[in-house]
Amino acid sequence: MRITGGTARGRAISGPVGLEARPTASKMRQALFNILRNNLEGARFLDLFAGTGLMGMEALSRGAGSLVCVEENKRLARGIEADLKRLGFEGEVICADVRKVLPVLEPDSFDIIYADPPYGSRLYASVLHGVGKHELLSPDGVLVIEHAAKVELESEKDNLVEFDRRHYGQSSFSFFRRR
């Protein structure tokens, strides 16, 4: 797994062996960061269900100002910390259940929130509810949820509204902002 753009372009991160994490394909990462390019410089980036941390490190490589990763699996969280250090990036890694972390984060503290819950789970609703209820997005912030293309997310939840959806084969990105 390699970072596809920015200052660390081409640098590899260590990933778990097996199916412990499901990293976002490089073409999808490139597409997403092309969409977000005007919002990325100096952005406060939150990576939920971080897995390998690749999305957050990609964001830092492309100009994000700060990174917070939330990953429940201790082994994966330690791997993210090691890769951040090895690449010379700074970021906070929280090893906990996303649903318990969202209520304790500061309101208005993130410009981009990226969430990639396990495809078979029903955690999409928890993310929408938690981010909206606790007002974690900055006024011009964007929440991006990666999900299976066949999954239909609520287009409005709490104070969030969907404004775009992009399909890439069997996966999709849904984009939300504050009302």
# chains A, B, ... in the order shown; residues from 1 in each chain; ligands from 1

$ select_by_dssp --residues "stretch 10-140 of chain A" --states "alpha helix (DSSP H)" --output "ChimeraX atom specification"
/A:26-40,54-61,74-87,98-101,123-133

$ write_last_selection --atoms "C-alpha atoms" --output "tab-separated table (two decimals), in the first residue's frame"
chain	number	residue	atom	x	y	z
A	26	SER	CA	-5.69	3.60	-4.83
A	27	LYS	CA	-7.97	4.74	-7.70
A	28	MET	CA	-10.71	5.58	-5.19
A	29	ARG	CA	-8.24	7.42	-2.95
A	30	GLN	CA	-6.99	9.45	-5.91
A	31	ALA	CA	-10.55	10.25	-6.97
A	32	LEU	CA	-11.55	11.31	-3.46
A	33	PHE	CA	-8.55	13.56	-2.96
A	34	ASN	CA	-9.11	15.14	-6.38
A	35	ILE	CA	-12.64	15.99	-5.24
A	36	LEU	CA	-11.38	17.36	-1.90
A	37	ARG	CA	-8.27	19.14	-3.22
A	38	ASN	CA	-9.65	22.65	-2.66
A	39	ASN	CA	-10.58	21.82	0.94
A	40	LEU	CA	-7.40	20.01	1.95
A	54	LEU	CA	-3.75	5.18	4.87
A	55	MET	CA	-6.49	7.75	4.18
A	56	GLY	CA	-5.29	10.02	6.97
A	57	MET	CA	-1.64	9.73	5.93
A	58	GLU	CA	-2.67	10.44	2.34
A	59	ALA	CA	-4.44	13.58	3.61
A	60	LEU	CA	-1.31	14.73	5.50
A	61	SER	CA	0.85	14.04	2.46
A	74	LYS	CA	-5.13	-2.20	19.11
A	75	ARG	CA	-2.77	-3.88	16.66
A	76	LEU	CA	-3.94	-1.69	13.80
A	77	ALA	CA	-3.77	1.46	15.98
A	78	ARG	CA	-0.15	0.66	16.89
A	79	GLY	CA	0.61	0.15	13.20
A	80	ILE	CA	-0.81	3.59	12.37
A	81	GLU	CA	1.36	5.17	15.09
A	82	ALA	CA	4.46	3.39	13.75
A	83	ASP	CA	3.78	4.44	10.15
A	84	LEU	CA	3.13	8.07	11.14
A	85	LYS	CA	6.46	8.15	12.94
A	86	ARG	CA	8.32	6.39	10.13
A	87	LEU	CA	6.94	8.83	7.55
A	98	VAL	CA	-15.94	5.27	17.21
A	99	ARG	CA	-19.38	5.50	18.84
A	100	LYS	CA	-17.75	6.28	22.21
A	101	VAL	CA	-15.26	8.77	20.76
A	123	LEU	CA	-22.47	1.77	11.70
A	124	TYR	CA	-23.20	4.33	8.96
A	125	ALA	CA	-26.21	5.60	10.90
A	126	SER	CA	-24.11	5.88	14.08
A	127	VAL	CA	-21.54	8.00	12.24
A	128	LEU	CA	-24.17	10.30	10.74
A	129	HIS	CA	-25.92	10.67	14.07
A	130	GLY	CA	-22.72	11.19	16.09
A	131	VAL	CA	-21.11	13.70	13.72
A	132	GLY	CA	-24.39	15.62	13.32
A	133	LYS	CA	-25.56	15.60	16.92

$ residues_around --residues "A:Leu137" --least-positions-apart "3" --cutoff "10 Å" --atoms "only C-alpha atoms" --output "JSON, numbers by chain"
{"A": [44, 46, 106, 107, 108, 109, 110, 111, 112, 113, 131, 132, 134, 140, 141, 142, 143, 160, 176, 177, 178]}

$ write_last_selection --atoms "C-alpha atoms" --output "PDB file, in the first residue's frame"
ATOM      1  CA  ARG A  44      -8.203  19.272  10.259  1.00  0.00           C
ATOM      2  CA  LEU A  46     -10.583  12.971  11.185  1.00  0.00           C
ATOM      3  CA  GLU A 106     -14.784  19.129  20.368  1.00  0.00           C
ATOM      4  CA  PRO A 107     -17.595  20.637  18.254  1.00  0.00           C
ATOM      5  CA  ASP A 108     -16.560  22.393  15.023  1.00  0.00           C
ATOM      6  CA  SER A 109     -13.133  20.764  15.240  1.00  0.00           C
ATOM      7  CA  PHE A 110     -12.826  19.029  11.842  1.00  0.00           C
ATOM      8  CA  ASP A 111     -12.836  20.297   8.271  1.00  0.00           C
ATOM      9  CA  ILE A 112     -12.904  16.826   6.723  1.00  0.00           C
ATOM     10  CA  ILE A 113     -14.222  13.692   8.385  1.00  0.00           C
ATOM     11  CA  VAL A 131     -21.114  13.700  13.723  1.00  0.00           C
ATOM     12  CA  GLY A 132     -24.386  15.617  13.316  1.00  0.00           C
ATOM     13  CA  HIS A 134     -22.172  16.650  18.300  1.00  0.00           C
ATOM     14  CA  ASP A 140     -17.738  24.556   5.765  1.00  0.00           C
ATOM     15  CA  GLY A 141     -16.656  21.017   6.651  1.00  0.00           C
ATOM     16  CA  VAL A 142     -17.316  17.813   4.722  1.00  0.00           C
ATOM     17  CA  LEU A 143     -18.180  14.334   5.996  1.00  0.00           C
ATOM     18  CA  LEU A 160     -26.308  16.995   8.127  1.00  0.00           C
ATOM     19  CA  PHE A 176     -22.458  15.443   3.720  1.00  0.00           C
ATOM     20  CA  ARG A 177     -22.286  18.991   5.054  1.00  0.00           C
ATOM     21  CA  ARG A 178     -23.988  20.993   7.758  1.00  0.00           C
TER      22      ARG A 178
END

$ residues_around --residues "A:Val70" --least-positions-apart "2" --cutoff "8 Å" --atoms "only C-alpha atoms" --output "list in words"
Leu46, Asp47, Leu48, Phe49, Ala50, Val68, Glu72, Ala77, Val93, Ile94, Cys95, Ala96, Asp97, Val98 and Val101 of chain A

$ closest_residue --among "A:Ile145, A:Ile3, A:Ile13, A:Ala64" --to "A:Asp116" --atoms "only C-alpha atoms"
A:Ile145

$ select_by_dssp --residues "stretch 24-106 of chain A" --states "strand (DSSP E)" --output "PyMOL selection string"
chain A and resi 44-48+66-70+92-94

$ write_last_selection --atoms "C-alpha atoms" --output "PDB file, in the first residue's frame"
ATOM      1  CA  ARG A  44      -8.203  19.272  10.259  1.00  0.00           C
ATOM      2  CA  PHE A  45      -8.791  15.652   9.145  1.00  0.00           C
ATOM      3  CA  LEU A  46     -10.583  12.971  11.185  1.00  0.00           C
ATOM      4  CA  ASP A  47     -10.258   9.357   9.971  1.00  0.00           C
ATOM      5  CA  LEU A  48     -12.920   7.109  11.531  1.00  0.00           C
ATOM      6  CA  SER A  66      -3.661  17.819  11.357  1.00  0.00           C
ATOM      7  CA  LEU A  67      -4.872  14.252  11.694  1.00  0.00           C
ATOM      8  CA  VAL A  68      -6.844  12.294  14.256  1.00  0.00           C
ATOM      9  CA  CYS A  69      -7.359   8.576  13.569  1.00  0.00           C
ATOM     10  CA  VAL A  70      -9.874   6.447  15.452  1.00  0.00           C
ATOM     11  CA  GLU A  92      -3.190  11.475  17.119  1.00  0.00           C
ATOM     12  CA  VAL A  93      -4.350   7.860  17.194  1.00  0.00           C
ATOM     13  CA  ILE A  94      -7.295   7.022  19.442  1.00  0.00           C
TER      14      ILE A  94
END

$ closest_residue --among "A:Gly53, A:Gly88, A:Gly169, A:Ala43" --to "A:Thr7" --atoms "only C-alpha atoms"
A:Gly88
